[in-house]
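Peer 1: Got a file for you: coords04.cif, mmCIF, C-alpha atoms, pLDDT in the B column; chains and numbers go by the auth columns.
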data_target
#
loop_
_atom_site.group_PDB
_atom_site.id
_atom_site.type_symbol
_atom_site.label_atom_id
_atom_site.label_comp_id
_atom_site.label_asym_id
_atom_site.label_seq_id
_atom_site.Cartn_x
_atom_site.Cartn_y
_atom_site.Cartn_z
_atom_site.B_iso_or_equiv
_atom_site.auth_seq_id
_atom_site.auth_asym_id
ATOM 1 C CA MET A 1 107.334 61.103 156.855 42.00 1 A
ATOM 2 C CA THR A 2 103.753 62.258 156.446 43.00 2 A
ATOM 3 C CA ASP A 3 102.629 65.557 155.054 47.00 3 A
ATOM 4 C CA SER A 4 100.368 67.026 157.736 49.00 4 A
ATOM 5 C CA THR A 5 98.670 69.295 155.187 55.00 5 A
ATOM 6 C CA SER A 6 97.328 66.419 153.087 59.00 6 A
ATOM 7 C CA GLN A 7 94.615 65.225 155.488 59.00 7 A
ATOM 8 C CA PRO A 8 92.632 67.393 157.874 50.00 8 A
ATOM 9 C CA VAL A 9 92.796 66.043 161.395 72.00 9 A
ATOM 10 C CA ASN A 10 89.616 67.507 162.841 93.00 10 A
ATOM 11 C CA LEU A 11 86.436 66.832 160.843 97.00 11 A
ATOM 12 C CA GLU A 12 82.790 67.153 161.864 98.00 12 A
ATOM 13 C CA THR A 13 79.541 66.101 160.225 98.00 13 A
ATOM 14 C CA ALA A 14 76.398 68.176 159.783 98.00 14 A
ATOM 15 C CA THR A 15 73.062 67.208 158.230 98.00 15 A
ATOM 16 C CA PHE A 16 70.530 69.703 156.881 98.00 16 A
ATOM 17 C CA GLY A 17 67.144 69.530 155.197 98.00 17 A
ATOM 18 C CA ALA A 18 66.145 72.730 153.419 97.00 18 A
ATOM 19 C CA GLY A 19 63.897 71.698 150.561 96.00 19 A
ATOM 20 C CA CYS A 20 65.223 69.973 147.473 96.00 20 A
ATOM 21 C CA PHE A 21 68.605 68.428 148.205 97.00 21 A
ATOM 22 C CA TRP A 22 69.865 69.455 144.771 97.00 22 A
ATOM 23 C CA CYS A 23 69.608 73.110 145.850 96.00 23 A
ATOM 24 C CA VAL A 24 71.167 72.565 149.261 97.00 24 A
ATOM 25 C CA GLU A 25 74.058 70.542 147.872 97.00 25 A
ATOM 26 C CA ALA A 26 74.787 73.100 145.131 97.00 26 A
ATOM 27 C CA VAL A 27 75.245 75.808 147.777 97.00 27 A
ATOM 28 C CA ILE A 28 76.959 73.838 150.557 97.00 28 A
ATOM 29 C CA LYS A 29 79.600 72.251 148.317 96.00 29 A
ATOM 30 C CA ARG A 30 80.838 75.712 147.310 97.00 30 A
ATOM 31 C CA LEU A 31 81.761 76.721 150.845 97.00 31 A
ATOM 32 C CA GLU A 32 85.396 76.690 151.893 97.00 32 A
ATOM 33 C CA GLY A 33 86.075 73.987 154.463 97.00 33 A
ATOM 34 C CA ILE A 34 83.659 71.391 153.087 97.00 34 A
ATOM 35 C CA ASN A 35 85.538 68.103 152.907 96.00 35 A
ATOM 36 C CA SER A 36 82.733 65.983 151.400 97.00 36 A
ATOM 37 C CA PHE A 37 78.990 66.088 150.856 97.00 37 A
ATOM 38 C CA SER A 38 76.203 63.704 149.939 98.00 38 A
ATOM 39 C CA SER A 39 72.511 64.037 149.171 98.00 39 A
ATOM 40 C CA GLY A 40 70.254 61.565 150.926 98.00 40 A
ATOM 41 C CA TYR A 41 67.330 60.864 153.198 98.00 41 A
ATOM 42 C CA MET A 42 66.875 61.034 156.976 98.00 42 A
ATOM 43 C CA GLY A 43 64.256 61.367 159.657 98.00 43 A
ATOM 44 C CA GLY A 44 61.754 58.755 158.563 97.00 44 A
ATOM 45 C CA HIS A 45 60.753 55.191 159.280 97.00 45 A
ATOM 46 C CA THR A 46 61.174 53.443 155.907 97.00 46 A
ATOM 47 C CA GLU A 47 64.388 51.416 155.697 97.00 47 A
ATOM 48 C CA ASN A 48 66.504 51.820 152.573 97.00 48 A
ATOM 49 C CA PRO A 49 64.157 54.357 150.988 98.00 49 A
ATOM 50 C CA THR A 50 64.294 55.182 147.306 97.00 50 A
ATOM 51 C CA TYR A 51 63.549 58.587 145.838 97.00 51 A
ATOM 52 C CA ARG A 52 60.165 57.214 144.787 97.00 52 A
ATOM 53 C CA ASP A 53 59.444 56.122 148.400 97.00 53 A
ATOM 54 C CA VAL A 54 60.378 59.536 149.755 97.00 54 A
ATOM 55 C CA CYS A 55 58.290 61.371 147.136 95.00 55 A
ATOM 56 C CA THR A 56 55.131 59.551 148.271 95.00 56 A
ATOM 57 C CA GLY A 57 55.334 61.423 151.568 94.00 57 A
ATOM 58 C CA GLN A 58 54.746 58.123 153.384 96.00 58 A
ATOM 59 C CA SER A 59 58.381 57.323 154.313 97.00 59 A
ATOM 60 C CA GLY A 60 58.698 60.154 156.834 97.00 60 A
ATOM 61 C CA HIS A 61 62.143 61.015 155.438 98.00 61 A
ATOM 62 C CA ALA A 62 63.345 64.473 154.506 98.00 62 A
ATOM 63 C CA GLU A 63 65.665 65.169 151.611 98.00 63 A
ATOM 64 C CA VAL A 64 68.934 66.126 153.309 98.00 64 A
ATOM 65 C CA VAL A 65 72.518 66.953 152.572 98.00 65 A
ATOM 66 C CA GLN A 66 75.126 65.487 154.865 98.00 66 A
ATOM 67 C CA VAL A 67 78.433 67.347 154.924 98.00 67 A
ATOM 68 C CA VAL A 68 81.797 66.613 156.462 98.00 68 A
ATOM 69 C CA PHE A 69 83.525 69.886 157.217 98.00 69 A
ATOM 70 C CA GLU A 70 86.714 71.291 158.694 97.00 70 A
ATOM 71 C CA PRO A 71 85.720 73.422 161.705 97.00 71 A
ATOM 72 C CA GLU A 72 89.033 75.290 161.489 96.00 72 A
ATOM 73 C CA LYS A 73 87.892 76.648 158.100 97.00 73 A
ATOM 74 C CA ILE A 74 84.114 76.867 158.601 98.00 74 A
ATOM 75 C CA SER A 75 82.337 76.539 161.918 98.00 75 A
ATOM 76 C CA TYR A 76 79.012 74.848 162.544 98.00 76 A
ATOM 77 C CA GLU A 77 77.627 78.309 163.359 98.00 77 A
ATOM 78 C CA GLU A 78 78.790 79.579 159.958 98.00 78 A
ATOM 79 C CA LEU A 79 77.149 76.605 158.240 98.00 79 A
ATOM 80 C CA LEU A 80 73.904 77.499 160.007 98.00 80 A
ATOM 81 C CA VAL A 81 74.120 81.093 158.742 97.00 81 A
ATOM 82 C CA VAL A 82 74.223 79.720 155.188 97.00 82 A
ATOM 83 C CA PHE A 83 71.456 77.211 156.011 98.00 83 A
ATOM 84 C CA TRP A 84 69.097 80.059 156.993 97.00 84 A
ATOM 85 C CA GLN A 85 69.961 82.008 153.834 96.00 85 A
ATOM 86 C CA LEU A 86 69.451 79.193 151.348 94.00 86 A
ATOM 87 C CA HIS A 87 65.779 78.496 152.071 96.00 87 A
ATOM 88 C CA ASP A 88 62.600 79.801 153.669 96.00 88 A
ATOM 89 C CA PRO A 89 62.532 78.297 157.178 97.00 89 A
ATOM 90 C CA THR A 90 58.990 79.565 157.794 97.00 90 A
ATOM 91 C CA THR A 91 57.146 77.341 155.332 95.00 91 A
ATOM 92 C CA LEU A 92 56.045 73.990 156.718 94.00 92 A
ATOM 93 C CA ASN A 93 56.795 71.119 154.337 96.00 93 A
ATOM 94 C CA ARG A 94 57.366 73.415 151.391 94.00 94 A
ATOM 95 C CA GLN A 95 60.088 75.257 149.520 94.00 95 A
ATOM 96 C CA GLY A 96 58.799 77.191 146.525 89.00 96 A
ATOM 97 C CA ALA A 97 56.851 74.841 144.271 90.00 97 A
ATOM 98 C CA ASP A 98 58.258 71.761 146.047 93.00 98 A
ATOM 99 C CA THR A 99 55.681 70.550 148.571 95.00 99 A
ATOM 100 C CA GLY A 100 55.571 67.589 150.939 96.00 100 A
ATOM 101 C CA THR A 101 57.143 66.487 154.209 96.00 101 A
ATOM 102 C CA GLN A 102 60.315 65.488 152.345 97.00 102 A
ATOM 103 C CA TYR A 103 60.967 69.216 151.734 97.00 103 A
ATOM 104 C CA ARG A 104 60.731 70.257 155.374 97.00 104 A
ATOM 105 C CA SER A 105 63.270 72.511 157.003 98.00 105 A
ATOM 106 C CA ALA A 106 65.322 70.380 159.391 98.00 106 A
ATOM 107 C CA ILE A 107 68.590 70.361 161.284 98.00 107 A
ATOM 108 C CA PHE A 108 69.700 66.889 162.384 98.00 108 A
ATOM 109 C CA TYR A 109 72.285 67.351 165.110 98.00 109 A
ATOM 110 C CA HIS A 110 75.215 64.967 165.608 98.00 110 A
ATOM 111 C CA SER A 111 76.129 66.020 169.161 98.00 111 A
ATOM 112 C CA GLU A 112 74.723 67.812 172.158 98.00 112 A
ATOM 113 C CA GLU A 113 76.898 70.800 171.263 98.00 113 A
ATOM 114 C CA GLN A 114 75.352 70.936 167.781 98.00 114 A
ATOM 115 C CA ARG A 115 71.850 70.748 169.315 98.00 115 A
ATOM 116 C CA ILE A 116 72.548 73.700 171.572 98.00 116 A
ATOM 117 C CA VAL A 117 74.101 75.750 168.761 98.00 117 A
ATOM 118 C CA ALA A 118 71.218 74.869 166.396 98.00 118 A
ATOM 119 C CA GLU A 119 68.533 75.831 168.923 98.00 119 A
ATOM 120 C CA ASP A 120 70.299 79.123 169.676 98.00 120 A
ATOM 121 C CA SER A 121 70.717 79.833 165.966 98.00 121 A
ATOM 122 C CA LYS A 122 67.038 79.071 165.302 98.00 122 A
ATOM 123 C CA ALA A 123 65.943 81.420 168.104 98.00 123 A
ATOM 124 C CA LYS A 124 68.159 84.190 166.710 97.00 124 A
ATOM 125 C CA GLU A 125 66.834 83.620 163.187 97.00 125 A
ATOM 126 C CA ASP A 126 63.249 83.698 164.439 97.00 126 A
ATOM 127 C CA ALA A 127 63.886 86.972 166.307 97.00 127 A
ATOM 128 C CA SER A 128 65.859 88.544 163.444 96.00 128 A
ATOM 129 C CA GLY A 129 62.900 90.250 161.801 94.00 129 A
ATOM 130 C CA ARG A 130 63.845 88.780 158.408 94.00 130 A
ATOM 131 C CA HIS A 131 60.646 86.712 158.243 95.00 131 A
ATOM 132 C CA ASN A 132 56.945 87.546 158.325 95.00 132 A
ATOM 133 C CA SER A 133 56.104 84.178 159.914 96.00 133 A
ATOM 134 C CA PRO A 134 57.671 82.063 162.672 97.00 134 A
ATOM 135 C CA VAL A 135 60.583 79.753 161.857 98.00 135 A
ATOM 136 C CA VAL A 136 59.266 76.159 161.756 98.00 136 A
ATOM 137 C CA THR A 137 62.590 74.341 161.324 98.00 137 A
ATOM 138 C CA GLU A 138 62.675 70.930 162.983 98.00 138 A
ATOM 139 C CA ILE A 139 65.699 70.268 165.195 98.00 139 A
ATOM 140 C CA ALA A 140 66.117 66.545 165.798 98.00 140 A
ATOM 141 C CA PRO A 141 68.848 64.045 166.659 98.00 141 A
ATOM 142 C CA VAL A 142 70.595 62.476 163.726 98.00 142 A
ATOM 143 C CA SER A 143 69.096 59.165 162.681 97.00 143 A
ATOM 144 C CA ARG A 144 70.125 56.681 160.055 98.00 144 A
ATOM 145 C CA TYR A 145 71.308 58.381 156.896 98.00 145 A
ATOM 146 C CA TYR A 146 70.511 56.826 153.523 98.00 146 A
ATOM 147 C CA ALA A 147 72.475 58.132 150.547 98.00 147 A
ATOM 148 C CA ALA A 148 70.276 59.044 147.603 98.00 148 A
ATOM 149 C CA GLU A 149 70.638 57.331 144.260 98.00 149 A
ATOM 150 C CA ASN A 150 73.787 58.183 142.277 98.00 150 A
ATOM 151 C CA TYR A 151 71.988 60.419 139.786 97.00 151 A
ATOM 152 C CA HIS A 152 71.066 62.794 142.661 97.00 152 A
ATOM 153 C CA GLN A 153 74.689 63.272 143.723 98.00 153 A
ATOM 154 C CA ASP A 154 76.309 66.510 142.534 97.00 154 A
ATOM 155 C CA TYR A 155 73.129 67.038 140.521 97.00 155 A
ATOM 156 C CA TYR A 156 73.505 70.724 139.718 97.00 156 A
ATOM 157 C CA ASP A 157 77.064 70.513 138.427 96.00 157 A
ATOM 158 C CA ASN A 158 76.154 67.490 136.301 97.00 158 A
ATOM 159 C CA ASN A 159 72.887 68.961 134.949 97.00 159 A
ATOM 160 C CA ARG A 160 73.275 72.753 134.754 96.00 160 A
ATOM 161 C CA ALA A 161 71.205 72.932 131.549 96.00 161 A
ATOM 162 C CA ALA A 162 68.208 71.150 133.101 96.00 162 A
ATOM 163 C CA PRO A 163 65.189 73.460 133.542 96.00 163 A
ATOM 164 C CA TYR A 164 65.074 73.050 137.362 95.00 164 A
ATOM 165 C CA CYS A 165 68.752 73.918 137.617 96.00 165 A
ATOM 166 C CA ARG A 166 68.410 76.992 135.390 96.00 166 A
ATOM 167 C CA MET A 167 65.179 78.262 136.963 95.00 167 A
ATOM 168 C CA VAL A 168 65.693 77.411 140.651 94.00 168 A
ATOM 169 C CA ILE A 169 69.294 76.588 141.545 95.00 169 A
ATOM 170 C CA SER A 170 71.202 79.080 139.367 96.00 170 A
ATOM 171 C CA PRO A 171 69.221 82.087 140.721 94.00 171 A
ATOM 172 C CA LYS A 172 69.731 80.826 144.291 93.00 172 A
ATOM 173 C CA LEU A 173 73.485 80.622 143.768 96.00 173 A
ATOM 174 C CA ALA A 174 73.509 84.087 142.191 94.00 174 A
ATOM 175 C CA LYS A 175 71.539 85.507 145.135 92.00 175 A
ATOM 176 C CA LEU A 176 74.178 84.096 147.496 92.00 176 A
ATOM 177 C CA GLY A 177 77.048 85.396 145.345 93.00 177 A
ATOM 178 C CA MET A 178 78.125 81.930 144.175 93.00 178 A
ATOM 179 C CA LYS A 179 78.770 80.465 140.707 87.00 179 A
#
In structure tokens, write the structure found in this file.

Peer 2:
Amino acid sequence: MTDSTSQPVNLETATFGAGCFWCVEAVIKRLEGINSFSSGYMGGHTENPTYRDVCTGQSGHAEVVQVVFEPEKISYEELLVVFWQLHDPTTLNRQGADTGTQYRSAIFYHSEEQRIVAEDSKAKEDASGRHNSPVVTEIAPVSRYYAAENYHQDYYDNNRAAPYCRMVISPKLAKLGMK
């Protein structure tokens, strides 16, 4: 006899780029309904990119976080609400002091339904009046995902004392009411 509560039956995947993947991962992993998460690279042309490749700006890849979530606990729409809150979607290829195409705001959709929801959500965010400039978030089909090197995974929780974590990620979590 199997325990039906041990494994969720219905899981979906979402992939977001919102600046440094350390920041995105630190927020996303704290949401109820997240089954797994991974920092990585997507949207470029270089095969098997390394962090060094992506940082050159020549790979075309964005730093992304790919999440597997339980839609019964958190919907794709709810994930997008958090996505808009955790970064500035009006700055092209920049989040704070982090600059370059790898830091672009991007939603990589995994289905036609996700594309429609993402485009609607972007239009609502753009019309919300919360920003002084237009939302420039890229909405593109999912492409090959490359997991980042191990030291990038769960970076914040493994490096809370690091200056970037204390000065950038901790205040972001506090702003969103997270620890």

Peer 1: Once the PyMOL selection byres ((chain A and resi 156) around 8) has been applied to the shown file, what residues remain in the selection, as a PyMOL selection string?

Peer 2: chain A and resi 22-23+26+154-155+157-160+165+169

Peer 1: Let me have the centre and edge lengths in Å, one decimal, of the box along x, y and z around every listed atom of region 140-155 of chain A with 4 Å of margin on each side, as lines of an AutoDock Vina configuration file.

Peer 2:
center_x = 71.2
center_y = 61.9
center_z = 153.2
size_x = 18.2
size_y = 18.4
size_z = 34.9

Peer 1: Using the chain letters and numbers from this file, what does the PyMOL selection byres ((chain A and resi 86) around 8) select? Give the answer as number ranges by chain.

Peer 2: A: 18, 24, 27, 82-85, 87-88, 172, 176

Peer 1: Given the file shown, enumerate the residues that the PyMOL selection byres ((chain A and resi 34) around 8) captures and present them as a list in words.

Peer 2: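 That expression, the PyMOL selection byres ((chain A and resi 34) around 8), corresponds here to Ile28, Lys29, Arg30, Leu31, Glu32, Gly33, Asn35, Ser36, Phe37, Val67, Val68, Phe69, Glu70 and Ile74 of chain A.
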
Peer 1: Using all atoms listed in the file, list the residues that have an atom at most 9 Å from (70.3, 60.2, 149.0), coordinates as in the file, as a list in words.

Peer 2: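 Residues close enough to count: Phe21, Ser38, Ser39, Gly40, Tyr41, Met42, Pro49, Thr50, Tyr51, Glu63, Val64, Val65, Tyr145, Tyr146, Ala147, Ala148, Glu149, Asn150, His152 and Gln153 of chain A.
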
Peer 1: Hey, can you check how far CA of Cys20 (chain A) sits from CA of Arg104 (chain A)?

Peer 2: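 These atoms are spaced 9.1 Å apart.
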
Peer 1: Could you please give me, as a ChimeraX atom specification, the residues of protein, DNA or RNA lying at most 10 Å from (62.8, 63.3, 154.9) in the coordinate frame of the file, considering only C-alpha atoms?

Peer 2: /A:17,19,40-45,49,54-55,57-64,93,100-106

Peer 1: I'd like to know which of A:Val168, A:Lys175, A:Val9, A:Ala118 is closest to Asp98 (chain A), using all atoms listed in the file.

Peer 2: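 The closest residue to Asp98 (chain A) is A:Val168.
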
Peer 1: Just give me the gap between CA of Asp120 (chain A) and CA of Leu11 (chain A) in Å, one decimal is fine.

Peer 2: 22.1 Å

Peer 1: May I ask which of the residues A:Thr56, A:Asn48, A:Thr137, A:Thr15 is the closest one to Thr91 (chain A), counting only C-alpha atoms?

Peer 2: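 Among the listed residues, the smallest separation from Thr91 (chain A) belongs to A:Thr137.
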
Peer 1: Taking all atoms listed in the file into account, name the residue in A:Tyr164, A:Phe16, A:Tyr151, A:Tyr76 that is nearest to Phe108 (chain A).

Peer 2: A:Phe16

Peer 1: CA of Pro89 (chain A) and CA of Val136 (chain A), how far apart in Å?

Peer 2: 6.0 Å
